[in-house]
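Novice: Got a file for you: coords-v3.txt, compact mmCIF, C-alpha atoms.
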```txt
# COMPACT_ATOMS: atom_id res chain seq x y z
CA GLY A 1 0.00 0.00 0.00
CA ALA A 2 0.89 3.67 -0.11
CA PRO A 3 3.34 4.84 2.58
CA PRO A 4 1.85 6.84 5.46
CA PRO A 5 2.10 10.63 5.11
CA PRO A 6 5.14 12.16 6.78
CA LEU A 7 4.84 13.82 10.16
CA SER A 8 4.76 17.58 10.12
CA GLU A 9 7.58 19.69 11.47
CA GLU A 10 5.41 20.38 14.50
CA GLN A 11 5.18 16.65 15.27
CA ASP A 12 8.69 15.56 14.34
CA PRO A 13 11.59 18.01 14.84
CA SER A 14 13.79 15.76 12.70
CA ARG A 15 11.82 16.96 9.65
CA ARG A 16 13.35 20.40 10.03
CA ARG A 17 16.27 20.72 7.66
CA HIS A 18 18.41 23.08 5.66
CA SER A 19 17.77 22.85 1.91
CA LEU A 20 21.52 22.93 1.25
CA HIS A 21 21.84 19.35 2.50
CA TYR A 22 18.94 17.77 0.62
CA ARG A 23 18.03 16.89 -2.93
CA HIS A 24 14.26 16.92 -3.35
CA VAL A 25 12.92 14.27 -5.71
CA GLU A 26 9.55 12.96 -6.78
CA GLY A 27 8.84 10.01 -9.00
CA GLY A 28 12.53 9.37 -9.62
CA CYS A 29 13.30 12.91 -10.85
CA THR A 30 15.80 15.17 -9.14
CA ALA A 31 15.17 18.90 -8.85
CA GLY A 32 17.44 20.73 -11.24
CA SER A 33 18.23 17.62 -13.32
CA ALA A 34 18.07 17.43 -17.09
CA ASP A 35 14.75 15.59 -16.92
CA GLY A 36 13.43 18.05 -14.29
CA PRO A 37 10.52 20.44 -14.67
CA ALA A 38 11.30 21.14 -18.31
CA GLY A 39 10.83 17.45 -19.05
CA GLY A 40 7.53 17.20 -17.27
CA CYS A 41 8.87 16.13 -13.86
CA ARG A 42 7.64 18.20 -10.92
CA ALA A 43 9.91 18.63 -7.89
CA HIS A 44 9.06 20.40 -4.66
CA ARG A 45 10.63 21.15 -1.30
CA HIS A 46 8.86 18.70 1.01
CA SER A 47 8.55 15.67 -1.23
CA LEU A 48 8.03 12.22 0.29
CA HIS A 49 11.18 11.20 -1.56
CA ASP A 50 13.65 13.64 -0.02
CA VAL A 51 17.04 11.95 0.17
CA PRO A 52 20.20 13.04 1.98
CA SER A 53 22.79 14.97 0.03
CA GLY A 54 26.22 13.51 -0.60
CA GLU A 55 27.46 15.09 2.64
CA ASP A 56 24.81 13.26 4.65
CA GLN A 57 25.39 9.93 2.94
CA THR A 58 29.06 9.88 3.86
CA ALA A 59 28.67 11.20 7.41
CA ASN A 60 28.47 9.32 10.68
CA PHE A 61 25.36 10.50 12.47
CA TYR A 62 25.49 11.02 16.23
CA GLY A 63 22.40 13.20 16.57
CA VAL A 64 19.17 13.94 14.75
CA SER A 65 19.96 12.97 11.18
CA HIS A 66 18.35 15.98 9.51
CA PHE A 67 20.77 18.49 11.04
CA PRO A 68 24.01 17.59 9.22
CA CYS A 69 25.63 20.97 9.76
CA CYS A 70 24.91 21.35 13.49
CA ILE A 71 24.00 18.51 15.83
CA THR A 72 25.66 15.76 13.80
CA ASN A 73 28.92 17.63 13.27
CA PHE A 74 29.34 18.65 16.90
CA PRO A 75 30.55 15.24 18.19
CA GLN A 76 32.23 14.11 14.98
CA GLY A 77 35.44 15.95 15.82
CA TRP A 78 36.53 13.31 18.34
CA PRO A 79 36.12 10.15 16.20
CA LYS A 80 37.52 11.90 13.12
CA PHE A 81 40.47 13.15 15.17
CA VAL A 82 41.22 9.60 16.34
CA ALA A 83 40.70 8.18 12.84
CA SER A 84 43.41 10.52 11.53
CA ALA A 85 45.88 9.94 14.36
CA VAL A 86 47.67 6.98 12.75
CA LEU A 87 48.38 6.88 9.01
CA THR A 88 50.04 4.22 6.86
CA HIS A 89 52.09 4.22 3.68
CA GLY A 90 53.78 1.17 2.24
CA ASN A 91 55.43 -0.80 5.03
CA ALA A 92 55.42 2.13 7.45
CA PHE A 93 53.08 4.03 9.72
CA ALA A 94 53.01 7.59 10.99
CA VAL A 95 51.70 8.84 14.32
CA ALA A 96 50.25 12.24 13.47
CA SER A 97 48.76 12.89 16.93
CA PHE A 98 49.64 11.34 20.26
CA LEU A 99 46.30 10.07 21.55
CA PRO A 100 45.45 7.23 23.94
CA LEU A 101 44.59 4.49 21.48
CA ASN A 102 45.03 0.86 20.48
CA ALA A 103 45.43 0.14 16.75
CA THR A 104 45.97 -2.93 14.60
CA LEU A 105 47.77 -1.96 11.41
CA PRO A 106 47.09 -3.52 7.99
CA ASP A 107 48.94 -6.73 7.09
CA ALA A 108 51.10 -4.73 4.68
CA VAL A 109 52.53 -2.77 7.61
CA GLY A 110 54.85 -4.94 9.64
CA GLY A 111 52.73 -8.02 9.01
CA GLY A 112 49.81 -6.52 10.92
CA ALA A 113 51.78 -4.85 13.71
CA THR A 114 49.86 -3.49 16.68
CA LEU A 115 50.25 -0.09 18.33
CA LEU A 116 49.33 0.96 21.86
CA ILE A 117 49.68 4.62 22.89
CA GLU A 118 49.41 5.54 26.56
CA THR A 119 49.28 9.28 27.20
CA SER A 120 47.36 12.18 28.67
CA TYR A 121 48.39 14.46 25.78
CA PRO A 122 47.60 17.32 25.29
CA PHE A 123 47.25 17.67 29.06
CA ALA A 124 50.71 16.17 29.53
CA GLY A 125 53.81 16.22 27.36
CA GLU A 126 54.72 12.53 27.48
CA ALA A 127 53.54 9.51 25.50
CA VAL A 128 54.57 5.84 25.65
CA LEU A 129 54.15 3.88 22.41
CA THR A 130 54.30 0.08 22.48
CA VAL A 131 54.66 -1.56 19.07
CA SER A 132 54.41 -5.31 18.53
CA VAL A 133 55.73 -6.61 15.19
CA PRO A 134 55.15 -10.29 14.27
CA GLN A 135 58.12 -12.61 13.79
CA GLY A 136 59.79 -12.25 10.40
CA HIS A 137 58.49 -8.73 9.77
CA SER A 138 59.69 -5.18 10.24
CA THR A 139 58.32 -1.67 9.82
CA THR A 140 59.21 1.97 10.39
CA ALA A 141 57.44 4.34 12.77
CA TYR A 142 57.33 8.02 11.81
CA LEU A 143 56.52 10.27 14.75
CA ARG A 144 55.34 13.82 14.09
CA ILE A 145 57.18 16.22 16.40
CA PRO A 146 55.25 19.52 16.68
CA GLY A 147 57.01 22.74 15.78
CA TRP A 148 56.52 24.18 19.27
CA ALA A 149 58.18 21.15 20.96
CA ALA A 150 61.76 22.42 21.14
CA GLY A 151 63.87 19.93 23.10
CA ALA A 152 61.67 16.94 22.20
CA SER A 153 63.13 13.46 22.54
CA VAL A 154 62.35 9.84 21.67
CA ASN A 155 63.87 7.27 24.04
CA GLY A 156 66.20 9.98 25.32
CA GLN A 157 67.53 10.91 21.87
CA ARG A 158 66.84 14.39 20.54
CA ALA A 159 64.02 14.66 18.01
CA ALA A 160 64.03 17.93 16.08
CA ASN A 161 60.85 19.94 16.46
CA GLY A 162 58.82 20.56 13.32
CA THR A 163 60.00 17.28 11.76
CA VAL A 164 58.95 13.66 11.41
CA HIS A 165 61.20 11.41 13.47
CA ALA A 166 61.81 7.95 11.97
CA VAL A 167 62.32 4.85 14.13
CA PRO A 168 63.08 1.51 12.35
CA LEU A 169 61.44 -1.44 14.13
CA GLY A 170 62.28 -5.12 13.81
CA SER A 171 60.17 -8.05 14.92
CA GLY A 172 59.19 -8.27 18.57
CA LEU A 173 58.10 -5.70 21.14
CA ALA A 174 59.43 -2.14 21.12
CA THR A 175 58.75 0.75 23.48
CA LEU A 176 59.07 4.37 22.33
CA ARG A 177 59.02 7.05 25.01
CA VAL A 178 58.21 10.43 23.53
CA ARG A 179 58.77 13.62 25.48
CA LEU A 180 57.33 16.91 24.20
CA PRO A 181 58.24 19.93 26.37
CA GLN A 182 55.39 22.44 26.61
CA PRO A 183 56.75 25.88 27.43
CA ILE A 184 54.44 28.91 27.62
CA ARG A 185 54.60 30.91 24.40
CA VAL A 186 53.30 34.33 23.44
CA GLU A 187 52.42 34.84 19.79
CA ARG A 188 51.93 38.33 18.39
CA GLY A 189 50.51 39.55 15.11
CA TRP A 190 46.82 38.74 15.70
CA GLY A 191 43.91 41.06 14.94
CA VAL A 192 43.34 43.50 12.09
CA LEU A 193 46.24 44.09 9.73
CA GLY A 194 45.86 47.86 9.60
CA ASN A 195 45.97 50.25 6.65
CA VAL A 196 47.24 53.70 5.72
CA SER A 197 45.01 55.35 8.31
CA SER A 198 45.31 52.92 11.25
CA PRO A 199 48.12 50.71 12.58
CA PRO A 200 47.83 46.91 12.82
CA ALA A 201 46.46 45.50 16.06
CA ASP A 202 49.52 43.26 16.61
CA ALA A 203 47.50 41.57 19.37
CA ALA A 204 48.87 38.65 21.40
CA VAL A 205 47.74 35.15 22.33
CA VAL A 206 49.09 32.80 25.01
CA ARG A 207 49.80 29.16 24.19
CA ARG A 208 51.25 26.17 25.97
CA GLY A 209 51.97 23.09 23.90
CA PRO A 210 49.12 22.64 21.41
CA LEU A 211 46.60 24.52 23.58
CA LEU A 212 45.40 28.10 23.26
CA PHE A 213 44.57 29.85 26.55
CA SER A 214 41.71 32.26 27.22
CA LEU A 215 40.25 34.49 29.87
CA ARG A 216 36.99 32.95 31.10
CA PRO A 217 34.75 35.56 32.76
CA ALA A 218 31.87 34.27 34.87
CA GLU A 219 28.80 33.51 32.76
CA GLN A 220 25.32 34.97 33.05
CA ARG A 221 22.81 32.73 31.24
CA ARG A 222 19.32 33.60 30.09
CA VAL A 223 16.94 31.35 28.17
CA VAL A 224 15.68 33.36 25.20
CA ARG A 225 13.72 30.60 23.47
CA ASP A 226 12.47 27.09 24.06
CA TYR A 227 10.72 24.68 21.71
CA ARG A 228 7.68 23.50 23.64
CA ARG A 229 5.54 23.65 20.52
CA LEU A 230 7.78 21.13 18.74
CA LEU A 231 7.00 17.61 19.88
CA PRO A 232 8.45 15.60 21.44
CA TYR A 233 9.33 18.38 23.85
CA ARG A 234 13.00 18.47 24.84
CA PRO A 235 13.30 20.64 27.96
CA LEU A 236 17.10 20.94 27.66
CA ALA A 237 16.97 22.00 24.00
CA VAL A 238 16.76 25.74 24.54
CA ASP A 239 18.51 28.82 23.17
CA TYR A 240 20.68 30.69 25.65
CA GLU A 241 22.01 34.19 25.71
CA ILE A 242 25.35 34.08 27.52
CA SER A 243 26.90 37.29 28.82
CA THR A 244 29.08 38.43 31.70
CA ARG A 245 29.23 41.18 34.29
CA GLU A 246 32.92 40.61 34.98
CA ALA A 247 35.76 42.70 33.59
CA TRP A 248 37.31 41.31 30.40
CA SER A 249 39.10 44.16 28.57
CA PHE A 250 42.63 43.41 29.77
CA ALA A 251 45.94 44.27 28.16
CA LEU A 252 48.69 41.76 28.89
CA ASP A 253 51.89 43.12 30.41
CA LEU A 254 54.68 41.52 28.38
CA SER A 255 57.57 43.49 29.88
CA ASP A 256 58.82 40.25 31.48
CA LEU A 257 57.78 37.02 29.77
CA GLY A 258 59.19 35.11 32.72
CA ALA A 259 56.33 36.50 34.80
CA LEU A 260 53.85 34.27 32.92
CA ARG A 261 53.39 31.34 35.29
CA PHE A 262 51.99 27.87 34.60
CA GLU A 263 49.80 26.53 37.41
CA PRO A 264 49.36 22.73 37.14
CA LEU A 265 46.54 22.52 39.68
CA ALA A 266 43.18 21.54 38.14
CA SER A 267 39.88 22.98 39.29
CA PRO A 268 38.18 20.72 41.88
CA GLY A 269 35.71 19.06 39.49
CA TRP A 270 37.95 18.49 36.47
CA ALA A 271 38.33 14.91 35.17
CA GLU A 272 39.93 13.33 32.11
CA SER A 273 36.57 11.75 31.28
CA LEU A 274 35.32 15.24 30.31
CA PRO A 275 38.57 17.11 29.65
CA PHE A 276 37.03 20.17 28.01
CA SER A 277 34.26 20.83 30.49
CA THR A 278 33.26 24.48 30.23
CA SER A 279 32.81 24.68 34.01
CA GLU A 280 36.20 23.18 34.95
CA TYR A 281 39.81 23.35 33.75
CA PRO A 282 42.85 21.00 33.89
CA PHE A 283 45.43 23.73 34.61
CA SER A 284 45.88 27.43 34.01
CA VAL A 285 48.37 30.17 33.19
CA ARG A 286 48.68 33.30 35.33
CA VAL A 287 49.52 36.43 33.38
CA PRO A 288 50.17 40.02 34.56
CA ALA A 289 47.71 42.43 32.93
CA ARG A 290 46.04 45.82 33.24
CA LEU A 291 42.32 46.45 32.86
CA LEU A 292 41.59 48.99 30.10
CA SER A 293 38.75 51.47 30.31
CA ASN A 294 35.67 51.07 28.11
CA ALA A 295 36.82 54.07 26.10
CA THR A 296 40.11 52.28 25.34
CA TRP A 297 38.62 48.85 24.58
CA GLY A 298 34.93 48.15 24.90
CA TYR A 299 31.95 46.92 22.91
CA TRP A 300 31.41 47.40 19.21
CA ARG A 301 28.91 50.11 18.26
CA GLY A 302 26.70 49.77 21.30
CA THR A 303 26.25 45.99 20.96
CA ASN A 304 27.36 43.17 23.25
CA ILE A 305 30.06 42.24 20.72
CA THR A 306 33.62 43.05 21.74
CA ALA A 307 35.38 45.63 19.63
CA GLN A 308 38.64 44.87 17.85
CA PRO A 309 41.60 45.03 20.26
CA PRO A 310 43.29 48.43 20.15
CA ALA A 311 46.66 48.64 18.46
CA SER A 312 49.58 47.39 20.55
CA PRO A 313 51.77 48.16 22.32
CA ILE A 314 49.50 50.09 24.67
CA ASP A 315 51.35 53.08 26.12
CA CYS A 316 49.52 53.61 29.40
CA ASP A 317 51.64 56.66 30.23
CA ALA A 318 50.43 58.42 27.09
CA LEU A 319 46.73 57.64 27.67
CA PRO A 320 44.32 59.76 29.76
CA SER A 321 44.16 59.11 33.48
CA GLY A 322 42.13 55.98 34.24
CA ALA A 323 42.60 54.40 30.81
CA CYS A 324 44.82 51.68 32.31
CA GLY A 325 44.20 50.04 35.65
CA PRO A 326 46.85 48.81 38.08
CA LEU A 327 48.89 45.72 37.33
CA GLU A 328 47.12 42.51 38.43
CA GLN A 329 47.24 38.77 37.77
CA ILE A 330 44.59 37.18 35.55
CA ARG A 331 43.97 33.47 35.07
CA LEU A 332 43.83 31.99 31.57
CA VAL A 333 42.46 28.49 30.95
CA PRO A 334 42.41 26.27 27.84
CA PHE A 335 40.17 27.64 25.11
CA GLY A 336 38.12 24.42 25.07
CA SER A 337 37.20 24.99 28.73
CA THR A 338 35.20 28.12 27.90
CA ASN A 339 31.91 29.22 26.39
CA LEU A 340 32.57 32.92 26.79
CA ARG A 341 36.18 33.94 26.36
CA ILE A 342 38.82 36.49 25.39
CA ALA A 343 41.82 34.83 23.74
CA VAL A 344 43.30 37.71 21.71
CA PHE A 345 44.66 40.56 23.83
CA PRO A 346 46.30 43.93 23.37
CA TRP A 347 49.55 44.21 25.28
CA SER A 348 51.93 46.67 26.87
CA HIS A 349 55.63 46.60 27.76
```
Rewrite the structure from the file as structure tokens, please.
Specialist:
Amino acid sequence: GAPPPPLSEEQDPSRRRHSLHYRHVEGGCTAGSADGPAGGCRAHRHSLHDVPSGEDQTANFYGVSHFPCCITNFPQGWPKFVASAVLTHGNAFAVASFLPLNATLPDAVGGGATLLIETSYPFAGEAVLTVSVPQGHSTTAYLRIPGWAAGASVNGQRAANGTVHAVPLGSGLATLRVRLPQPIRVERGWGVLGNVSSPPADAAVVRRGPLLFSLRPAEQRRVVRDYRRLLPYRPLAVDYEISTREAWSFALDLSDLGALRFEPLASPGWAESLPFSTSEYPFSVRVPARLLSNATWGYWRGTNITAQPPASPIDCDALPSGACGPLEQIRLVPFGSTNLRIAVFPWSH
């Protein structure tokens, strides 16, 4: 018999979709095809024969399947990250990212060698790789050493940063101990480039290892919309407006880079099972800074959007009284531990 009519968008939220991700077909014809409307085939937006676009067909769905650009993409970063961590070529494999994983390589690589990586990276700078190669086989491990990891080593031997370090492996069990130092780094050159009438921002960011650090002001949350009229009702599926009442317009004091201090203590509720919780953090960096007045750095055109950072270096002595506050210490946490954040800062000497 004929299929039942589809549920309306009011009854089934999964029917809501963005037209970009769907081809709409009826009776075997595809909208926009050569045998489309000009050939007597009628296509319309909400046909019973809507099919996923190519993007949907090749995606792994972890949420409501008709939201390929939002819900489904949100959790795909983790499995895709892991899937790209170990690569193979010929009779060799490359470790592109040091993640806690267990992999069995293809038969063409060391006769089906296995790889175990034990690490807390990026929250720690060490990784232990255990490779088991079957009798009568061999392979080569290529380890990607990040450019920031000056002083890196593999089994105590120096491994140049910004290179791929090769380790030949014979049959049997081999252990590779990788050490990646993670010093605090300040990178300048962020923000607007400037033009003939205004200088470049030359703003600064703070990094440690692969992580970017941000100021995380306390959040104020307000529900601005819920979806009670869309059944089934999902009480947690609401739209929030997130703002803050805390100060955020700081200029970093970079007169002494040695004053930037890493603090390894995690917040009380942090756990590796949810490493990027936006209410906790694994460690932090303390940075000297001065609060700038709203006239020096505030909101953009009366909105709640932050304005571009003012051009650096900030010369507090040349600014009006009150433009720069006293020197104080601010805490920066990993970018992934924030919802509301400032990661690009003006700076002073």
Novice: Find the axis-aligned box for segment 237-240 of chain A, covering all its listed atoms and adding 5 Å on each side, and write its centre and edge lengths in Å to one decimal as AutoDock Vina command-line options.
Specialist:
```
--center_x 18.7 --center_y 26.3 --center_z 24.4 --size_x 13.9 --size_y 18.7 --size_z 12.5
```
Novice: Rank nothing, just name the residue among A:Gly302, A:Pro235, A:Pro183, A:Gly336 nearest to Leu274 of chain A, using all atoms listed in the file.
Specialist: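 Of A:Gly302, A:Pro235, A:Pro183, A:Gly336, the one nearest Leu274 of chain A is A:Gly336, counting all atoms listed in the file.
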Novice: Using only C-alpha atoms, which of A:Ser171, A:Ser293, A:Leu254, A:Lys80 sits nearest Arg188 of chain A?
Specialist: A:Leu254
Novice: Counting all atoms listed in the file, what is within 8 Å of segment 149-159 of chain A, bar same-chain residues fewer than 5 positions away, as a PyMOL selection string?
Specialist: chain A and resi 165+176-182+209
